[in-house]
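Colleague: Take a look at this one; I'll ask things after.
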Amino acid sequence: MKVACVQLDIAFGNPKENFITVEKKIRDAASLGADIIVLPEMWNTGYDLTRLAEIADVEGEDTKRLLTKLSKELSIHIVGGSVSTKKGDNFFNTMYVVNSLGEIIAEYDKAHLFKLMDEHHYLEAGNGKNLFSLDGIEMGGIICYDLRFPEWIRSHVLDGAKIIFVPAQWPDKRIDHWKILLQARAIENQCYVVAVNRVGKDPNNSFNGNSMVIAPWGEILWTGENEETVKVVELTLSEIEEVRKRIPIFQDRRETLYK
Ligand SMILES: NC(=O)CCC(=O)C(=O)O
């Protein structure tokens with residue numbers, strides 16, 4: 001299975017420009033032979049949270065239209081990073097996953113809001129998990145700060161996820177945490193982790209990429225540089241079972257002790 005990580009810059013508060021960029025990047029990724037394309041967090045507006053009433057995607061309609069059109073046309077699955085959405089009277093940080101038939105198979109609102117970037121003042125947290133299946137493989141998606149909650153990722157893995165996707169806008173000043181936590185989540189859950197961060201700046205933060213693809217034994221298959229990139233990485237899914245046989249943590253868990 002080939003995944004394409006689309007590490008890009010995001011125009012602050014400018015959905016029109018970002019939609020044009022993302023369409024172009026998706027077309028580039030498809031031409032490289034990827035099966036699944038992965039986008040970063042809040043790619044439509046960036047963290048222009050004070051203007052969400054003007055710029056958030058109402059009911060996700062624009063995003064869903066673009067992703068379903070492209071996935072069908074290019075016959076490719078898209079893990080749509082996330083976009084700011086307005087649903088009813090509230091705003092969310094929402095991931096859409098679309099399969100190669102153009103069907104929306106998952107919609108997830110970020111569960112853990114990140115106070116350092118003011119999300120709790122502007123957004124509502126989601127309350128549901130994000131599990132989906134592509135080409136018969138169970139997968140899960142979380143968003144950025146969710147990464148700091150190992151129990152959240154574990155609960156997706158216990159439900160069968162073999163690949164965890166992590167779209168992000170993770171600032172450069174904490175990039176060491178990002179890299180270490182991603183690797184730890186892959187090792188402790190013996191699964192693939194595919195994580196896509198952005199590059200560039202907004203008025204409050206700068207971002208230096210370091211998107212990563214990590215195998216279930218913890219090998220780093222790819223780390224992005226500090227520049228826009230579309231990178232295709234091949235995952236060998238049989239490695240998951242091999243690693244789980246070598247060190248059978250899922251058999252050795254003592255769940256009754258953890259309550
Ligand atoms: N967009 C985010 O959730 C950022 C999370 C982050 O930077 C962190 O340190 O955690």
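By order of appearance in the structure tokens: chains A, B, ..., then residues from 1 within every chain, and ligands from 1 in the order shown.
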Could you list, with a cut-off of 7 Å and counting only C-alpha atoms, the residues of region 19-117 of chain A near region 184-207 of chain A, each shown with its nearest atom pair and the distance in Å rounded to one decimal, rows sorted by chain and ascending number, as a tab-separated table?
Modeller:
residue	atom	partner	partner_atom	distance
A:Val38	CA	A:Val196	CA	7.0
A:Leu39	CA	A:Val196	CA	6.4
A:Pro40	CA	A:Val196	CA	5.2
Colleague: Taking the chain letters and numbering used in this document, name the residues of region 65-229 of chain A that DSSP puts in helix (DSSP H, G or I), as a CSV table (one decimal) with N, CA and C atoms, in the first residue's frame.
Modeller:
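Full text of part.csv as output:
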chain,number,residue,atom,x,y,z
A,65,ARG,N,-17.2,18.2,-1.5
A,65,ARG,CA,-17.3,18.3,-3.0
A,65,ARG,C,-16.0,18.1,-3.7
A,66,LEU,N,-15.0,18.8,-3.2
A,66,LEU,CA,-13.6,18.6,-3.8
A,66,LEU,C,-13.1,17.2,-3.7
A,67,LEU,N,-13.1,16.7,-2.4
A,67,LEU,CA,-12.5,15.4,-2.2
A,67,LEU,C,-13.2,14.3,-2.9
A,68,THR,N,-14.6,14.3,-2.9
A,68,THR,CA,-15.3,13.2,-3.6
A,68,THR,C,-15.1,13.3,-5.1
A,69,LYS,N,-15.0,14.5,-5.6
A,69,LYS,CA,-14.8,14.7,-7.1
A,69,LYS,C,-13.4,14.1,-7.5
A,70,LEU,N,-12.4,14.5,-6.7
A,70,LEU,CA,-11.0,14.1,-7.1
A,70,LEU,C,-10.8,12.6,-6.8
A,71,SER,N,-11.3,12.1,-5.7
A,71,SER,CA,-11.1,10.6,-5.4
A,71,SER,C,-11.7,9.8,-6.5
A,72,LYS,N,-12.9,10.1,-6.9
A,72,LYS,CA,-13.5,9.3,-8.0
A,72,LYS,C,-12.8,9.5,-9.3
A,73,GLU,N,-12.5,10.7,-9.7
A,73,GLU,CA,-11.8,10.9,-11.0
A,73,GLU,C,-10.4,10.3,-11.0
A,74,LEU,N,-9.7,10.3,-9.9
A,74,LEU,CA,-8.3,9.8,-9.9
A,74,LEU,C,-8.2,8.4,-9.3
A,115,LYS,N,-5.3,24.1,23.9
A,115,LYS,CA,-5.5,25.5,24.5
A,115,LYS,C,-4.4,26.4,24.1
A,116,LEU,N,-3.2,25.9,23.9
A,116,LEU,CA,-2.1,26.8,23.5
A,116,LEU,C,-2.3,27.5,22.2
A,117,MET,N,-3.2,27.0,21.4
A,117,MET,CA,-3.5,27.6,20.1
A,117,MET,C,-4.9,28.1,20.1
A,119,GLU,N,-7.8,26.8,20.6
A,119,GLU,CA,-8.9,26.1,20.0
A,119,GLU,C,-10.2,26.1,20.8
A,120,HIS,N,-9.9,26.0,22.2
A,120,HIS,CA,-11.1,25.8,23.1
A,120,HIS,C,-12.0,27.1,23.1
A,121,HIS,N,-11.4,28.2,22.7
A,121,HIS,CA,-12.2,29.5,22.7
A,121,HIS,C,-13.2,29.5,21.4
A,122,TYR,N,-12.8,28.8,20.4
A,122,TYR,CA,-13.5,28.9,19.1
A,122,TYR,C,-14.2,27.6,18.6
A,144,CYS,N,-3.6,16.0,15.2
A,144,CYS,CA,-2.5,16.8,15.9
A,144,CYS,C,-2.5,16.6,17.4
A,145,TYR,N,-3.0,17.5,18.2
A,145,TYR,CA,-2.9,17.4,19.7
A,145,TYR,C,-3.4,16.1,20.3
A,146,ASP,N,-4.3,15.4,19.5
A,146,ASP,CA,-4.8,14.1,20.0
A,146,ASP,C,-3.7,13.1,20.2
A,147,LEU,N,-2.5,13.4,19.5
A,147,LEU,CA,-1.4,12.5,19.6
A,147,LEU,C,-0.8,12.4,21.0
A,148,ARG,N,-1.1,13.4,21.9
A,148,ARG,CA,-0.6,13.4,23.2
A,148,ARG,C,-1.4,12.5,24.2
A,150,PRO,N,-2.2,8.9,24.6
A,150,PRO,CA,-1.9,7.5,24.1
A,150,PRO,C,-3.1,6.6,24.2
A,151,GLU,N,-4.0,6.9,25.2
A,151,GLU,CA,-5.1,6.0,25.4
A,151,GLU,C,-6.1,6.1,24.2
A,152,TRP,N,-6.1,7.3,23.6
A,152,TRP,CA,-7.1,7.5,22.5
A,152,TRP,C,-6.6,6.7,21.3
A,153,ILE,N,-5.3,6.8,21.0
A,153,ILE,CA,-4.8,6.0,19.9
A,153,ILE,C,-4.9,4.5,20.2
A,154,ARG,N,-4.6,4.1,21.4
A,154,ARG,CA,-4.7,2.7,21.8
A,154,ARG,C,-6.1,2.2,21.6
A,155,SER,N,-7.1,3.0,21.9
A,155,SER,CA,-8.5,2.5,21.8
A,155,SER,C,-8.8,2.3,20.3
A,156,HIS,N,-8.3,3.1,19.4
A,156,HIS,CA,-8.5,2.8,18.0
A,156,HIS,C,-7.8,1.5,17.6
A,157,VAL,N,-6.6,1.3,18.1
A,157,VAL,CA,-5.8,0.1,17.7
A,157,VAL,C,-6.5,-1.2,18.3
A,158,LEU,N,-7.0,-1.1,19.5
A,158,LEU,CA,-7.7,-2.2,20.1
A,158,LEU,C,-9.0,-2.5,19.3
A,172,ASP,N,7.2,24.5,15.1
A,172,ASP,CA,8.6,24.0,15.1
A,172,ASP,C,9.1,24.0,16.5
A,173,LYS,N,8.6,24.9,17.4
A,173,LYS,CA,9.2,24.9,18.8
A,173,LYS,C,9.0,23.7,19.6
A,174,ARG,N,8.0,22.9,19.2
A,174,ARG,CA,7.8,21.6,19.9
A,174,ARG,C,8.0,20.4,19.0
A,175,ILE,N,8.8,20.6,18.0
A,175,ILE,CA,8.9,19.5,17.0
A,175,ILE,C,9.6,18.2,17.5
A,176,ASP,N,10.4,18.4,18.6
A,176,ASP,CA,11.0,17.2,19.2
A,176,ASP,C,9.9,16.3,19.8
A,177,HIS,N,8.9,17.0,20.5
A,177,HIS,CA,7.8,16.2,21.1
A,177,HIS,C,7.1,15.4,19.9
A,178,TRP,N,6.8,16.1,18.9
A,178,TRP,CA,6.1,15.5,17.7
A,178,TRP,C,6.8,14.2,17.3
A,179,LYS,N,8.1,14.3,17.0
A,179,LYS,CA,8.9,13.2,16.5
A,179,LYS,C,8.9,12.0,17.5
A,180,ILE,N,9.1,12.3,18.7
A,180,ILE,CA,9.2,11.3,19.7
A,180,ILE,C,7.9,10.6,20.0
A,181,LEU,N,6.8,11.4,20.1
A,181,LEU,CA,5.5,10.9,20.3
A,181,LEU,C,5.0,10.0,19.2
A,182,LEU,N,5.3,10.4,18.0
A,182,LEU,CA,4.9,9.6,16.8
A,182,LEU,C,5.6,8.3,16.8
A,183,GLN,N,6.9,8.3,17.1
A,183,GLN,CA,7.6,7.0,17.1
A,183,GLN,C,7.1,6.1,18.2
A,184,ALA,N,6.9,6.8,19.4
A,184,ALA,CA,6.4,6.0,20.5
A,184,ALA,C,5.0,5.3,20.2
A,185,ARG,N,4.1,6.1,19.6
A,185,ARG,CA,2.8,5.6,19.3
A,185,ARG,C,2.9,4.4,18.3
A,186,ALA,N,3.8,4.5,17.4
A,186,ALA,CA,4.0,3.3,16.4
A,186,ALA,C,4.6,2.1,17.2
A,187,ILE,N,5.6,2.3,18.0
A,187,ILE,CA,6.2,1.2,18.7
A,187,ILE,C,5.2,0.6,19.7
A,188,GLU,N,4.5,1.4,20.5
A,188,GLU,CA,3.7,0.8,21.6
A,188,GLU,C,2.5,0.2,21.0
A,189,ASN,N,2.0,0.6,19.8
A,189,ASN,CA,0.8,0.0,19.3
A,189,ASN,C,1.1,-0.9,18.1
Colleague: Take CA of Leu123 (chain A) and CA of Val166 (chain A) and report the distance between them in Å, one decimal.
Modeller: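 Taking CA of Leu123 (chain A) and CA of Val166 (chain A), their separation equals 18.9 Å.
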Colleague: Got a sec: who's within 9 Å of Val232 (chain A), counting only C-alpha atoms, leaving out chain neighbours fewer than 2 positions off, as a list in words?
Modeller: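 Result of the neighbour search: Lys2, Val3, Ala4, Cys5, Val6, Ala29, Leu32, Gly33, Ala34, Ile37, Val230 and Glu234 of chain A.
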Colleague: Counting only C-alpha atoms and all ligand atoms, which residue out of A:Leu134, A:Ile142, A:Ala56, A:Leu221 sits closest to ligand 1?
Modeller: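 Once distances to ligand 1 are computed over only C-alpha atoms and all ligand atoms, the minimum belongs to A:Ile142.
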Colleague: Could you pull out all residues of region 27-250 of chain A with a DSSP call of strand (DSSP E) and give them as number ranges by chain?
Modeller: A: 36-38, 57-58, 77-79, 83-87, 90-98, 104-109, 131-134, 137-141, 163-167, 192-196, 199-201, 206-208, 212-214, 220-223, 229-234
Colleague: For the residues selected in the previous step, produce a file with C-alpha atoms as a PDB file, in the first residue's frame.
Modeller:
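So the final result, stored in selection.pdb, reads:
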ATOM      1  CA  ILE A  36      -3.944   6.912  -0.320  1.00  0.00           C
ATOM      2  CA  ILE A  37      -3.315  10.652  -0.108  1.00  0.00           C
ATOM      3  CA  VAL A  38      -2.926  12.334   3.280  1.00  0.00           C
ATOM      4  CA  ASP A  57     -16.630  25.411   5.522  1.00  0.00           C
ATOM      5  CA  VAL A  58     -20.387  25.287   6.156  1.00  0.00           C
ATOM      6  CA  HIS A  77      -8.438   7.225  -1.402  1.00  0.00           C
ATOM      7  CA  ILE A  78      -8.060  10.534   0.449  1.00  0.00           C
ATOM      8  CA  VAL A  79      -7.503  10.984   4.174  1.00  0.00           C
ATOM      9  CA  VAL A  83     -10.676  21.558   7.739  1.00  0.00           C
ATOM     10  CA  SER A  84     -12.449  24.107   9.888  1.00  0.00           C
ATOM     11  CA  THR A  85     -16.180  23.492   9.593  1.00  0.00           C
ATOM     12  CA  LYS A  86     -19.385  25.163  10.731  1.00  0.00           C
ATOM     13  CA  LYS A  87     -22.022  22.616  11.644  1.00  0.00           C
ATOM     14  CA  ASN A  90     -20.789  25.477  16.137  1.00  0.00           C
ATOM     15  CA  PHE A  91     -17.314  25.240  14.675  1.00  0.00           C
ATOM     16  CA  PHE A  92     -15.178  22.089  14.517  1.00  0.00           C
ATOM     17  CA  ASN A  93     -11.811  20.828  13.317  1.00  0.00           C
ATOM     18  CA  THR A  94     -13.045  18.039  11.035  1.00  0.00           C
ATOM     19  CA  MET A  95     -11.426  15.196   9.113  1.00  0.00           C
ATOM     20  CA  TYR A  96     -13.198  13.658   6.118  1.00  0.00           C
ATOM     21  CA  VAL A  97     -12.052  10.357   4.631  1.00  0.00           C
ATOM     22  CA  VAL A  98     -13.157   9.550   1.107  1.00  0.00           C
ATOM     23  CA  ILE A 104     -17.330   9.693   2.333  1.00  0.00           C
ATOM     24  CA  ILE A 105     -16.525   6.853   4.728  1.00  0.00           C
ATOM     25  CA  ALA A 106     -15.535   8.812   7.861  1.00  0.00           C
ATOM     26  CA  GLU A 107     -16.110  12.196   9.436  1.00  0.00           C
ATOM     27  CA  TYR A 108     -14.234  12.972  12.662  1.00  0.00           C
ATOM     28  CA  ASP A 109     -14.199  16.086  14.823  1.00  0.00           C
ATOM     29  CA  LEU A 131     -12.215   4.174  12.445  1.00  0.00           C
ATOM     30  CA  PHE A 132     -12.549   3.310   8.798  1.00  0.00           C
ATOM     31  CA  SER A 133     -11.548   0.656   6.309  1.00  0.00           C
ATOM     32  CA  LEU A 134      -9.793   1.134   2.958  1.00  0.00           C
ATOM     33  CA  ILE A 137      -7.561  -2.677   6.026  1.00  0.00           C
ATOM     34  CA  GLU A 138      -8.792  -1.137   9.291  1.00  0.00           C
ATOM     35  CA  MET A 139      -7.362   2.305   9.979  1.00  0.00           C
ATOM     36  CA  GLY A 140      -7.839   5.213  12.340  1.00  0.00           C
ATOM     37  CA  GLY A 141      -7.335   8.951  12.172  1.00  0.00           C
ATOM     38  CA  ILE A 163      -2.531   2.388  10.391  1.00  0.00           C
ATOM     39  CA  ILE A 164      -2.976   5.631  12.337  1.00  0.00           C
ATOM     40  CA  PHE A 165      -3.079   8.885  10.360  1.00  0.00           C
ATOM     41  CA  VAL A 166      -2.066  12.109  12.093  1.00  0.00           C
ATOM     42  CA  PRO A 167      -2.636  15.353  10.170  1.00  0.00           C
ATOM     43  CA  TYR A 192       2.042   2.148  11.060  1.00  0.00           C
ATOM     44  CA  VAL A 193       1.857   5.860  11.822  1.00  0.00           C
ATOM     45  CA  VAL A 194       1.485   8.264   8.893  1.00  0.00           C
ATOM     46  CA  ALA A 195       1.775  11.866  10.072  1.00  0.00           C
ATOM     47  CA  VAL A 196       1.550  14.988   7.906  1.00  0.00           C
ATOM     48  CA  VAL A 199       5.404  24.160   6.592  1.00  0.00           C
ATOM     49  CA  GLY A 200       5.373  27.965   6.570  1.00  0.00           C
ATOM     50  CA  LYS A 201       4.214  30.565   9.096  1.00  0.00           C
ATOM     51  CA  SER A 206       6.091  28.766  12.360  1.00  0.00           C
ATOM     52  CA  PHE A 207       6.041  25.205  11.125  1.00  0.00           C
ATOM     53  CA  ASN A 208       8.915  23.111   9.814  1.00  0.00           C
ATOM     54  CA  MET A 212       6.821  11.182   9.225  1.00  0.00           C
ATOM     55  CA  VAL A 213       6.011   7.644   8.208  1.00  0.00           C
ATOM     56  CA  ILE A 214       6.910   5.096  10.878  1.00  0.00           C
ATOM     57  CA  ILE A 220      11.383   5.846  10.504  1.00  0.00           C
ATOM     58  CA  LEU A 221      10.627   5.279   6.819  1.00  0.00           C
ATOM     59  CA  TRP A 222      10.600   8.956   5.935  1.00  0.00           C
ATOM     60  CA  THR A 223      10.897  12.378   7.561  1.00  0.00           C
ATOM     61  CA  THR A 229       6.775  18.014  -0.570  1.00  0.00           C
ATOM     62  CA  VAL A 230       4.606  15.260  -1.932  1.00  0.00           C
ATOM     63  CA  LYS A 231       6.255  12.028  -0.833  1.00  0.00           C
ATOM     64  CA  VAL A 232       5.068   8.510  -1.601  1.00  0.00           C
ATOM     65  CA  VAL A 233       6.054   5.812   0.910  1.00  0.00           C
ATOM     66  CA  GLU A 234       5.249   2.103   0.615  1.00  0.00           C
TER      67      GLU A 234
END
Colleague: Identify, on the basis of only C-alpha atoms, every residue whose closest approach to region 237-251 of chain A does not exceed 6 Å; exclude the query and any residue fewer than 2 positions from it along the same chain; express the result as a list in words.
Modeller: Cys191, Pro216, Leu235 and Arg253 of chain A
Colleague: Once you have the residues from the selection above, write them out as a tab-separated table (two decimals), in the first residue's frame, restricted to C-alpha atoms.
Modeller:
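Result file selection.tsv:
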chain	number	residue	atom	x	y	z
A	191	CYS	CA	1.16	-0.24	13.88
A	216	PRO	CA	5.38	-0.96	13.48
A	235	LEU	CA	3.84	0.29	3.67
A	253	ARG	CA	-1.86	-6.82	28.30
Colleague: Tell me which protein, DNA and RNA residues are within 10 Å of Thr50 (chain A), counting only C-alpha atoms, leaving out same-chain ones fewer than 2 positions away, and put them as a list in words.
Modeller: Gly13, Tyr47, Asp48, Leu52, Ala53, Glu54, Ile55, Asp118, His121 and Tyr122 of chain A
